[in-house]
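Heads up, my_file_25.pdb below (PDB, C-alpha atoms and all ligand atoms):
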ATOM      1  CA  MET A 196       0.000   0.000   0.000
ATOM      2  CA  THR A 197       2.903   2.348   0.706
ATOM      3  CA  VAL A 198       4.659   1.389  -2.527
ATOM      4  CA  GLY A 199       5.217   4.337  -4.790
ATOM      5  CA  LYS A 200       3.879   6.895  -2.325
ATOM      6  CA  LYS A 201       6.125   9.903  -2.222
ATOM      7  CA  VAL A 202       6.793  11.700   1.042
ATOM      8  CA  LEU A 203       8.533  15.056   1.249
ATOM      9  CA  VAL A 204      10.367  15.598   4.527
ATOM     10  CA  VAL A 205      11.072  19.227   5.404
ATOM     11  CA  GLU A 206      13.388  19.600   8.392
ATOM     12  CA  ASP A 207      16.643  21.433   9.050
ATOM     13  CA  GLU A 208      18.037  19.168  11.772
ATOM     14  CA  SER A 209      20.173  16.809   9.717
ATOM     15  CA  THR A 210      20.056  13.878  12.154
ATOM     16  CA  LEU A 211      16.271  13.987  12.227
ATOM     17  CA  VAL A 212      16.128  14.210   8.426
ATOM     18  CA  GLU A 213      18.331  11.126   8.188
ATOM     19  CA  THR A 214      16.259   9.189  10.700
ATOM     20  CA  LEU A 215      13.010  10.094   8.968
ATOM     21  CA  GLU A 216      14.365   9.286   5.536
ATOM     22  CA  TYR A 217      15.678   5.933   6.723
ATOM     23  CA  SER A 218      12.448   4.903   8.474
ATOM     24  CA  LEU A 219      10.130   6.016   5.681
ATOM     25  CA  THR A 220      12.256   4.393   2.981
ATOM     26  CA  ARG A 221      12.257   1.136   4.925
ATOM     27  CA  GLN A 222       8.458   1.243   4.896
ATOM     28  CA  GLY A 223       8.471   1.464   1.111
ATOM     29  CA  TYR A 224       7.945   5.186   0.635
ATOM     30  CA  ASP A 225       9.847   7.276  -1.884
ATOM     31  CA  VAL A 226      11.396  10.067   0.135
ATOM     32  CA  CYS A 227      12.564  13.484  -0.947
ATOM     33  CA  THR A 228      13.872  16.108   1.449
ATOM     34  CA  ALA A 229      14.320  19.837   1.904
ATOM     35  CA  THR A 230      16.138  21.604   4.723
ATOM     36  CA  ASP A 231      14.631  25.077   4.428
ATOM     37  CA  GLY A 232      11.236  26.560   3.601
ATOM     38  CA  LEU A 233      11.953  27.972   0.160
ATOM     39  CA  THR A 234      13.548  24.755  -1.057
ATOM     40  CA  ALA A 235      10.524  22.906   0.343
ATOM     41  CA  LEU A 236       8.248  24.911  -1.970
ATOM     42  CA  GLU A 237      10.449  24.152  -4.977
ATOM     43  CA  VAL A 238      10.674  20.441  -4.233
ATOM     44  CA  ALA A 239       6.924  20.173  -3.577
ATOM     45  CA  ARG A 240       6.138  21.855  -6.905
ATOM     46  CA  GLN A 241       8.532  19.575  -8.772
ATOM     47  CA  GLU A 242       7.912  16.269  -7.075
ATOM     48  CA  HIS A 243       4.174  16.454  -6.305
ATOM     49  CA  PRO A 244       4.497  14.406  -3.099
ATOM     50  CA  ASP A 245       1.572  12.396  -1.735
ATOM     51  CA  LEU A 246       2.285  13.719   1.739
ATOM     52  CA  ILE A 247       4.510  16.302   3.396
ATOM     53  CA  VAL A 248       6.127  16.064   6.824
ATOM     54  CA  LEU A 249       6.802  19.690   7.680
ATOM     55  CA  ASP A 250       8.756  21.166  10.559
ATOM     56  CA  ILE A 251       7.750  24.627  11.791
ATOM     57  CA  MET A 252      11.122  26.095  12.706
ATOM     58  CA  LEU A 253      12.941  26.335   9.391
ATOM     59  CA  PRO A 254      15.448  28.721   7.816
ATOM     60  CA  ARG A 255      14.367  31.208   5.110
ATOM     61  CA  LEU A 256      10.633  30.537   5.402
ATOM     62  CA  ASP A 257       8.939  28.900   8.375
ATOM     63  CA  GLY A 258       6.630  25.908   8.241
ATOM     64  CA  PHE A 259       3.508  28.026   8.773
ATOM     65  CA  GLU A 260       4.218  30.022   5.623
ATOM     66  CA  VAL A 261       5.158  26.928   3.637
ATOM     67  CA  CYS A 262       1.895  25.284   4.670
ATOM     68  CA  ARG A 263      -0.200  28.347   3.784
ATOM     69  CA  ILE A 264       1.396  28.664   0.358
ATOM     70  CA  LEU A 265       1.150  24.967  -0.531
ATOM     71  CA  ARG A 266      -2.480  24.821   0.623
ATOM     72  CA  ARG A 267      -3.354  27.308  -2.087
ATOM     73  CA  GLU A 268      -1.390  25.428  -4.741
ATOM     74  CA  MET A 269      -2.041  21.757  -4.172
ATOM     75  CA  ASN A 270      -4.217  19.309  -2.347
ATOM     76  CA  VAL A 271      -1.635  17.392  -0.334
ATOM     77  CA  PRO A 272      -1.932  16.157   3.257
ATOM     78  CA  ILE A 273       0.496  17.931   5.571
ATOM     79  CA  LEU A 274       1.767  16.541   8.866
ATOM     80  CA  MET A 275       3.428  19.274  10.893
ATOM     81  CA  LEU A 276       6.151  18.857  13.460
ATOM     82  CA  THR A 277       6.113  21.242  16.361
ATOM     83  CA  ALA A 278       8.436  21.649  19.311
ATOM     84  CA  ARG A 279       5.968  23.744  21.250
ATOM     85  CA  THR A 280       2.541  22.717  22.465
ATOM     86  CA  ASP A 281       1.374  26.357  22.402
ATOM     87  CA  GLU A 282       1.688  26.270  18.612
ATOM     88  CA  ILE A 283      -0.826  23.483  18.164
ATOM     89  CA  ASP A 284      -3.918  25.696  17.924
ATOM     90  CA  LYS A 285      -2.279  27.644  15.152
ATOM     91  CA  VAL A 286      -1.068  24.514  13.367
ATOM     92  CA  VAL A 287      -4.492  22.932  13.019
ATOM     93  CA  GLY A 288      -6.348  26.256  12.752
ATOM     94  CA  LEU A 289      -7.995  27.341   9.538
ATOM     95  CA  GLU A 290      -5.310  29.866   8.713
ATOM     96  CA  VAL A 291      -2.503  27.311   8.477
ATOM     97  CA  GLY A 292      -4.604  24.210   7.998
ATOM     98  CA  ALA A 293      -2.255  21.296   8.600
ATOM     99  CA  ASP A 294      -4.012  17.921   8.474
ATOM    100  CA  ASP A 295      -2.250  16.554  11.528
ATOM    101  CA  TYR A 296       0.684  17.334  13.808
ATOM    102  CA  LEU A 297       3.235  15.683  16.043
ATOM    103  CA  THR A 298       4.919  17.274  19.016
ATOM    104  CA  LYS A 299       8.671  16.789  19.316
ATOM    105  CA  PRO A 300      10.070  14.553  20.576
ATOM    106  CA  PHE A 301       8.011  11.796  18.935
ATOM    107  CA  SER A 302       8.641   8.135  18.274
ATOM    108  CA  MET A 303       9.273   6.986  14.720
ATOM    109  CA  ARG A 304       6.533   4.423  15.181
ATOM    110  CA  GLU A 305       4.055   7.197  15.971
ATOM    111  CA  LEU A 306       5.124   9.166  12.941
ATOM    112  CA  LEU A 307       4.750   6.178  10.624
ATOM    113  CA  ALA A 308       1.287   5.486  12.006
ATOM    114  CA  ARG A 309       0.211   9.081  11.354
ATOM    115  CA  VAL A 310       1.633   9.059   7.826
ATOM    116  CA  LYS A 311      -0.184   5.844   7.036
ATOM    117  CA  ALA A 312      -3.463   7.124   8.489
ATOM    118  CA  LEU A 313      -3.287  10.389   6.549
ATOM    119  CA  LEU A 314      -2.617   8.634   3.266
ATOM    120  CA  ARG A 315      -5.474   6.225   3.918
ATOM    121  CA  ARG A 316      -7.803   9.132   4.630
ATOM    122  CA  VAL A 317      -6.960  10.717   1.310
ATOM    123  CA  ARG A 318      -7.465   7.427  -0.482
ATOM    124  CA  LEU A 319     -10.881   6.991   1.126
ATOM    125  CA  ASP A 320     -11.884  10.504   0.092
ATOM    126  CA  ARG A 321     -10.954   9.690  -3.482
ATOM    127  CA  GLU A 322     -12.859   6.410  -3.445
ATOM    128  CA  GLU A 323     -15.952   8.225  -2.221
ATOM    129  CA  LEU A 324     -15.600  10.677  -5.072
ATOM    130  CA  VAL A 325     -15.427   7.889  -7.629
ATOM    131  CA  GLU A 326     -18.630   6.387  -6.272
ATOM    132  CA  GLU A 327     -20.442   9.680  -6.633
ATOM    133  CA  VAL A 328     -19.921   9.827 -10.366
ATOM    134  CA  PRO A 329     -22.537   7.232 -11.430
ATOM    135  CA  ALA A 330     -25.074   8.956  -9.164
ATOM    136  CA  GLU A 331     -24.832  11.951 -11.494
ATOM    137  CA  ARG A 332     -27.356  10.141 -13.627
ATOM    138  CA  LEU A 333     -30.582   8.486 -12.561
ATOM    139  CA  THR A 334     -32.008   6.109 -15.117
ATOM    140  CA  PHE A 335     -35.443   4.468 -15.151
ATOM    141  CA  ARG A 336     -36.300   2.540 -18.265
ATOM    142  CA  ASP A 337     -36.839   5.235 -20.928
ATOM    143  CA  LEU A 338     -36.245   8.103 -18.515
ATOM    144  CA  THR A 339     -32.819   9.565 -17.691
ATOM    145  CA  ILE A 340     -32.158  12.402 -15.273
ATOM    146  CA  ASP A 341     -28.763  13.999 -15.792
ATOM    147  CA  LEU A 342     -28.128  15.757 -12.486
ATOM    148  CA  GLY A 343     -24.919  17.404 -13.644
ATOM    149  CA  ARG A 344     -26.579  19.083 -16.622
ATOM    150  CA  ARG A 345     -30.027  19.405 -15.019
ATOM    151  CA  GLU A 346     -31.457  17.682 -18.041
ATOM    152  CA  VAL A 347     -34.176  15.066 -18.332
ATOM    153  CA  LEU A 348     -34.284  12.732 -21.322
ATOM    154  CA  ARG A 349     -37.127  10.530 -22.380
ATOM    155  CA  GLU A 350     -36.144   7.902 -24.916
ATOM    156  CA  GLY A 351     -33.014   9.963 -25.473
ATOM    157  CA  LYS A 352     -34.901  13.169 -26.273
ATOM    158  CA  PRO A 353     -34.661  16.147 -23.900
ATOM    159  CA  LEU A 354     -37.834  17.126 -22.066
ATOM    160  CA  TYR A 355     -38.606  20.690 -21.185
ATOM    161  CA  LEU A 356     -39.329  20.913 -17.457
ATOM    162  CA  LYS A 357     -39.937  24.025 -15.402
ATOM    163  CA  PRO A 358     -37.452  24.434 -12.535
ATOM    164  CA  GLN A 359     -39.951  23.315  -9.880
ATOM    165  CA  GLU A 360     -41.011  20.336 -11.966
ATOM    166  CA  TYR A 361     -37.393  19.323 -12.279
ATOM    167  CA  GLU A 362     -36.756  19.681  -8.549
ATOM    168  CA  LEU A 363     -39.862  17.661  -7.781
ATOM    169  CA  LEU A 364     -38.896  14.908 -10.215
ATOM    170  CA  VAL A 365     -35.371  14.666  -8.782
ATOM    171  CA  PHE A 366     -36.690  14.483  -5.232
ATOM    172  CA  LEU A 367     -39.201  11.758  -6.133
ATOM    173  CA  ALA A 368     -36.678   9.798  -8.199
ATOM    174  CA  ARG A 369     -33.995   9.942  -5.536
ATOM    175  CA  ASN A 370     -36.490   8.529  -3.061
ATOM    176  CA  ARG A 371     -37.934   6.007  -5.457
ATOM    177  CA  ASN A 372     -40.223   3.276  -4.164
ATOM    178  CA  ILE A 373     -40.844   5.187  -0.952
ATOM    179  CA  VAL A 374     -44.226   6.678  -0.096
ATOM    180  CA  LEU A 375     -43.738  10.427   0.308
ATOM    181  CA  SER A 376     -46.359  12.597   1.955
ATOM    182  CA  ARG A 377     -47.451  15.850   0.318
ATOM    183  CA  ASP A 378     -46.184  17.800   3.323
ATOM    184  CA  LEU A 379     -42.745  16.223   3.106
ATOM    185  CA  ILE A 380     -42.532  16.851  -0.636
ATOM    186  CA  LEU A 381     -43.654  20.431  -0.110
ATOM    187  CA  GLU A 382     -41.052  21.019   2.562
ATOM    188  CA  ARG A 383     -38.164  19.449   0.676
ATOM    189  CA  VAL A 384     -38.896  20.777  -2.789
ATOM    190  CA  TRP A 385     -40.430  24.154  -2.067
ATOM    191  CA  GLY A 386     -38.912  24.834   1.347
ATOM    192  CA  TRP A 387     -40.455  25.007   4.792
ATOM    193  CA  ASP A 388     -41.225  28.721   4.440
ATOM    194  CA  PHE A 389     -43.189  28.292   1.202
ATOM    195  CA  GLY A 390     -46.658  29.765   1.622
ATOM    196  CA  GLY A 391     -48.549  27.463  -0.764
ATOM    197  CA  GLY A 392     -50.475  24.398   0.340
ATOM    198  CA  SER A 393     -50.172  20.755  -0.614
ATOM    199  CA  ARG A 394     -52.363  21.498  -3.633
ATOM    200  CA  THR A 395     -49.164  22.880  -5.193
ATOM    201  CA  VAL A 396     -47.706  19.382  -5.092
ATOM    202  CA  ASP A 397     -50.758  17.881  -6.803
ATOM    203  CA  VAL A 398     -50.660  20.461  -9.595
ATOM    204  CA  HIS A 399     -46.974  19.907 -10.274
ATOM    205  CA  VAL A 400     -47.373  16.142 -10.193
ATOM    206  CA  ARG A 401     -50.105  16.474 -12.787
ATOM    207  CA  TRP A 402     -47.854  18.589 -15.031
ATOM    208  CA  LEU A 403     -44.973  16.176 -14.577
ATOM    209  CA  ARG A 404     -47.163  13.230 -15.482
ATOM    210  CA  GLU A 405     -48.092  14.941 -18.740
ATOM    211  CA  LYS A 406     -44.411  14.940 -19.613
ATOM    212  CA  ILE A 407     -43.054  11.667 -18.305
ATOM    213  CA  GLU A 408     -45.939   9.201 -18.174
ATOM    214  CA  PRO A 409     -46.662   7.049 -21.214
ATOM    215  CA  ASP A 410     -50.354   7.451 -20.341
ATOM    216  CA  PRO A 411     -50.893  10.423 -17.986
ATOM    217  CA  ALA A 412     -54.457   9.329 -17.240
ATOM    218  CA  HIS A 413     -53.167   6.057 -15.814
ATOM    219  CA  PRO A 414     -49.836   6.916 -14.221
ATOM    220  CA  THR A 415     -47.400   4.088 -13.630
ATOM    221  CA  ARG A 416     -44.371   6.172 -12.759
ATOM    222  CA  ILE A 417     -45.576   8.701 -10.190
ATOM    223  CA  VAL A 418     -48.252   6.739  -8.377
ATOM    224  CA  THR A 419     -50.821   8.302  -6.078
ATOM    225  CA  VAL A 420     -50.942   6.808  -2.600
ATOM    226  CA  ARG A 421     -54.419   7.694  -1.440
ATOM    227  CA  GLY A 422     -54.608   9.861   1.652
ATOM    228  CA  ILE A 423     -50.844  10.254   1.872
ATOM    229  CA  GLY A 424     -49.039  11.435  -1.213
ATOM    230  CA  TYR A 425     -46.985   9.904  -3.994
ATOM    231  CA  ARG A 426     -44.502   7.179  -4.787
ATOM    232  CA  PHE A 427     -42.044   7.133  -7.678
ATOM    233  CA  GLU A 428     -41.802   3.659  -9.191
ATOM    234  CA  GLY A 429     -38.206   2.946 -10.072
TER     235      GLY A 429
HETATM  236 CA    CA B 501      13.624  22.837  12.733
END
Just give me the structure as C-alpha cells.
Amino acid sequence: MTVGKKVLVVEDESTLVETLEYSLTRQGYDVCTATDGLTALEVARQEHPDLIVLDIMLPRLDGFEVCRILRREMNVPILMLTARTDEIDKVVGLEVGADDYLTKPFSMRELLARVKALLRRVRLDREELVEEVPAERLTFRDLTIDLGRREVLREGKPLYLKPQEYELLVFLARNRNIVLSRDLILERVWGWDFGGGSRTVDVHVRWLREKIEPDPAHPTRIVTVRGIGYRFEG
C-alpha cells in the first residue's frame, strides 16, 4: 500500500532528516527532502508528493508560511512537526490548515502510524468521489435524469421541465419506491417557508405526469398513494 507513495520531509536538523528518511524508505515510501522553507516549496512543486512532513522552525521561510502557500497550490496532506505545544492551535487552525501534527520529541513508530493514516484518509476521500460519479445520472427505463446538466431525457430526447417540476422529479426519483407525503414533498422541494399548500404538489405532479408518463391518465411512474401522497416507481 505504501509502494510508490512519495513523502517530502522538510526539516533542518540533519540527524532527524536522516532518521526520517531511513524509516520512511524502509516502509516502502519514496522520500525526498528539503532543509529550508523555500527549497521545500520548490521540491513540492517539482515532485508532487503524496504527503509532506513539515517542521515549523525552518530557515528562510517557516513551516507556517510553507503550509499556507502549498495549501493554495495543491491538495496534499500535511503533517506538521512542532516543538511547542502552544503552537498546536495555530497549526491545526484554519489559517494554516495542517491535516495533523506531532509534538517533538516523537517516536518513529508514531510518525509512521500518522503518515499511514493520513494517506489512507486521502485514499478513502478519493474512493468516495469515484462512487459519486454514477449517481450523477438516474435512469429508469426510458427516462434519464442527468443531475450534472439538469437535463431530463425521455427515450433519449430532452424534455422541457420548469425548474420546480425538475426539482420535484429529482426528489421523487432519488427517493424512489418510498411513499412520500405531500407535506414532506412540499417542505423538501419548495422549502419550509413556502406559503402554498399541498395542492401545489398535486398540480406539479399532474404537469410532470403529462411529460413523463406514457399514459398520464393512468400513471405508472408517479403513483398516487391515497390519503398520503406519492410514490415514484423505479
Ligand atoms: Ca527545525
Please write the residues picked by the PyMOL selection byres (((not hetatm)) within 12 of (chain B and resi 501)) on this file as JSON, numbers by chain.
{"A": [204, 205, 206, 207, 208, 209, 210, 211, 212, 229, 230, 231, 232, 248, 249, 250, 251, 252, 253, 254, 255, 256, 257, 258, 275, 276, 277, 278, 279, 299, 300]}
Smallest atom-to-atom distance to A:Lys201: which of A:Gln359, A:Thr415, A:Thr234, A:Gln241, using only C-alpha atoms?
A:Gln241
Which residue gives the smallest distance to A:Ile417 among A:Glu216, A:Asp284, A:Glu405, A:Glu305, with all atoms listed in the file counted?
A:Glu405
At a cut-off of 9 Å, using all atoms listed in the file, what residues contact A:His243? Leave out same-chain residues fewer than 3 positions from it and give the result as a CSV table (one decimal) with C-alpha atoms, in the coordinates of the input.
chain,number,residue,atom,x,y,z
A,201,LYS,CA,6.1,9.9,-2.2
A,203,LEU,CA,8.5,15.1,1.2
A,238,VAL,CA,10.7,20.4,-4.2
A,239,ALA,CA,6.9,20.2,-3.6
A,240,ARG,CA,6.1,21.9,-6.9
A,246,LEU,CA,2.3,13.7,1.7
A,269,MET,CA,-2.0,21.8,-4.2
A,271,VAL,CA,-1.6,17.4,-0.3
When the PyMOL selection byres (((chain A and resi 385-394) around 12) and not hetatm) is applied to the structure above, which residues does it catch, written out as number ranges by chain?
A: 358-363, 366, 376-384, 395-401, 422-425
Applying 10 Å and all atoms listed in the file, which residues near stretch 310-313 of chain A remain after dropping the ones on its own chain fewer than 3 positions away? List them as a list in words.
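Those residues are Met196, Thr197, Val202, Leu219, Asp245, Leu246, Ile247, Val248, Val271, Pro272, Ile273, Leu274, Asp294, Asp295, Arg304, Glu305, Leu306, Leu307, Arg316, Val317, Arg318 and Leu319 of chain A.
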At what distance in Å, to one decimal, does atom CA of A:Val347 lie from atom CA of A:Arg371?
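Computing it gives 16.2 Å between the two atoms.
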How many Å separate atom CA of A:Leu338 from atom CA of A:Glu350?
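Atom CA of A:Leu338 sits 6.4 Å away from atom CA of A:Glu350.
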Taken to one decimal, the atom CA of A:Glu408-atom CA of A:Tyr355 distance is 14.0 Å
Kindly list the centre and edge lengths in Å, rounded to one decimal, for the axis-aligned box that covers all listed atoms of stretch 388-407 of chain A plus 6 Å on each of its six sides, as lines of an AutoDock Vina configuration file.
center_x = -46.8
center_y = 20.7
center_z = -7.6
size_x = 23.1
size_y = 30.1
size_z = 36.1
Given the PyMOL selection byres (((chain A and resi 368) around 9) and not hetatm), the residues it picks as a short mmCIF file (atom, residue, chain, number, x, y, z; two decimals) with C-alpha atoms, keeping the file's coordinate frame:
data_model
loop_
_atom_site.label_atom_id
_atom_site.label_comp_id
_atom_site.auth_asym_id
_atom_site.auth_seq_id
_atom_site.Cartn_x
_atom_site.Cartn_y
_atom_site.Cartn_z
CA LEU A 333 -30.58 8.49 -12.56
CA PHE A 335 -35.44 4.47 -15.15
CA ILE A 340 -32.16 12.40 -15.27
CA LEU A 363 -39.86 17.66 -7.78
CA LEU A 364 -38.90 14.91 -10.22
CA VAL A 365 -35.37 14.67 -8.78
CA PHE A 366 -36.69 14.48 -5.23
CA LEU A 367 -39.20 11.76 -6.13
CA ARG A 369 -33.99 9.94 -5.54
CA ASN A 370 -36.49 8.53 -3.06
CA ARG A 371 -37.93 6.01 -5.46
CA ASN A 372 -40.22 3.28 -4.16
CA ARG A 426 -44.50 7.18 -4.79
CA PHE A 427 -42.04 7.13 -7.68
CA GLU A 428 -41.80 3.66 -9.19
CA GLY A 429 -38.21 2.95 -10.07
#
Quick one: stretch 246-265 of chain A with N, CA and C atoms, as a PDB file, in the frame of the given file?
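Saved as part-v3.pdb:
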ATOM      1  N   LEU A 246       2.398  13.234   0.364  1.00  0.00           N
ATOM      2  CA  LEU A 246       2.285  13.719   1.739  1.00  0.00           C
ATOM      3  C   LEU A 246       3.533  14.516   2.095  1.00  0.00           C
ATOM      4  N   ILE A 247       3.359  15.503   2.978  1.00  0.00           N
ATOM      5  CA  ILE A 247       4.510  16.302   3.396  1.00  0.00           C
ATOM      6  C   ILE A 247       4.627  16.272   4.919  1.00  0.00           C
ATOM      7  N   VAL A 248       5.816  15.938   5.401  1.00  0.00           N
ATOM      8  CA  VAL A 248       6.127  16.064   6.824  1.00  0.00           C
ATOM      9  C   VAL A 248       6.881  17.384   6.957  1.00  0.00           C
ATOM     10  N   LEU A 249       6.301  18.318   7.714  1.00  0.00           N
ATOM     11  CA  LEU A 249       6.802  19.690   7.680  1.00  0.00           C
ATOM     12  C   LEU A 249       7.108  20.227   9.074  1.00  0.00           C
ATOM     13  N   ASP A 250       8.368  20.563   9.285  1.00  0.00           N
ATOM     14  CA  ASP A 250       8.756  21.166  10.559  1.00  0.00           C
ATOM     15  C   ASP A 250       8.358  22.644  10.560  1.00  0.00           C
ATOM     16  N   ILE A 251       8.130  23.212  11.744  1.00  0.00           N
ATOM     17  CA  ILE A 251       7.750  24.627  11.791  1.00  0.00           C
ATOM     18  C   ILE A 251       8.973  25.544  11.761  1.00  0.00           C
ATOM     19  N   MET A 252       9.939  25.237  12.636  1.00  0.00           N
ATOM     20  CA  MET A 252      11.122  26.095  12.706  1.00  0.00           C
ATOM     21  C   MET A 252      12.090  25.749  11.584  1.00  0.00           C
ATOM     22  N   LEU A 253      12.114  26.595  10.574  1.00  0.00           N
ATOM     23  CA  LEU A 253      12.941  26.335   9.391  1.00  0.00           C
ATOM     24  C   LEU A 253      13.637  27.619   8.960  1.00  0.00           C
ATOM     25  N   PRO A 254      14.815  27.523   8.363  1.00  0.00           N
ATOM     26  CA  PRO A 254      15.448  28.721   7.816  1.00  0.00           C
ATOM     27  C   PRO A 254      14.715  29.237   6.579  1.00  0.00           C
ATOM     28  N   ARG A 255      14.854  30.501   6.307  1.00  0.00           N
ATOM     29  CA  ARG A 255      14.367  31.208   5.110  1.00  0.00           C
ATOM     30  C   ARG A 255      12.844  31.424   5.075  1.00  0.00           C
ATOM     31  N   LEU A 256      12.100  30.405   5.412  1.00  0.00           N
ATOM     32  CA  LEU A 256      10.633  30.537   5.402  1.00  0.00           C
ATOM     33  C   LEU A 256      10.127  29.489   6.385  1.00  0.00           C
ATOM     34  N   ASP A 257       9.336  29.895   7.373  1.00  0.00           N
ATOM     35  CA  ASP A 257       8.939  28.900   8.375  1.00  0.00           C
ATOM     36  C   ASP A 257       7.818  27.982   7.884  1.00  0.00           C
ATOM     37  N   GLY A 258       7.594  26.932   8.636  1.00  0.00           N
ATOM     38  CA  GLY A 258       6.630  25.908   8.241  1.00  0.00           C
ATOM     39  C   GLY A 258       5.210  26.436   8.090  1.00  0.00           C
ATOM     40  N   PHE A 259       4.848  27.435   8.899  1.00  0.00           N
ATOM     41  CA  PHE A 259       3.508  28.026   8.773  1.00  0.00           C
ATOM     42  C   PHE A 259       3.309  28.617   7.380  1.00  0.00           C
ATOM     43  N   GLU A 260       4.311  29.384   6.939  1.00  0.00           N
ATOM     44  CA  GLU A 260       4.218  30.022   5.623  1.00  0.00           C
ATOM     45  C   GLU A 260       4.209  28.983   4.508  1.00  0.00           C
ATOM     46  N   VAL A 261       5.092  27.986   4.650  1.00  0.00           N
ATOM     47  CA  VAL A 261       5.158  26.928   3.637  1.00  0.00           C
ATOM     48  C   VAL A 261       3.793  26.253   3.515  1.00  0.00           C
ATOM     49  N   CYS A 262       3.189  25.955   4.649  1.00  0.00           N
ATOM     50  CA  CYS A 262       1.895  25.284   4.670  1.00  0.00           C
ATOM     51  C   CYS A 262       0.821  26.146   4.004  1.00  0.00           C
ATOM     52  N   ARG A 263       0.788  27.424   4.373  1.00  0.00           N
ATOM     53  CA  ARG A 263      -0.200  28.347   3.784  1.00  0.00           C
ATOM     54  C   ARG A 263      -0.072  28.409   2.266  1.00  0.00           C
ATOM     55  N   ILE A 264       1.162  28.523   1.800  1.00  0.00           N
ATOM     56  CA  ILE A 264       1.396  28.664   0.358  1.00  0.00           C
ATOM     57  C   ILE A 264       0.998  27.377  -0.380  1.00  0.00           C
ATOM     58  N   LEU A 265       1.440  26.235   0.154  1.00  0.00           N
ATOM     59  CA  LEU A 265       1.150  24.967  -0.531  1.00  0.00           C
ATOM     60  C   LEU A 265      -0.346  24.650  -0.523  1.00  0.00           C
TER      61      LEU A 265
END
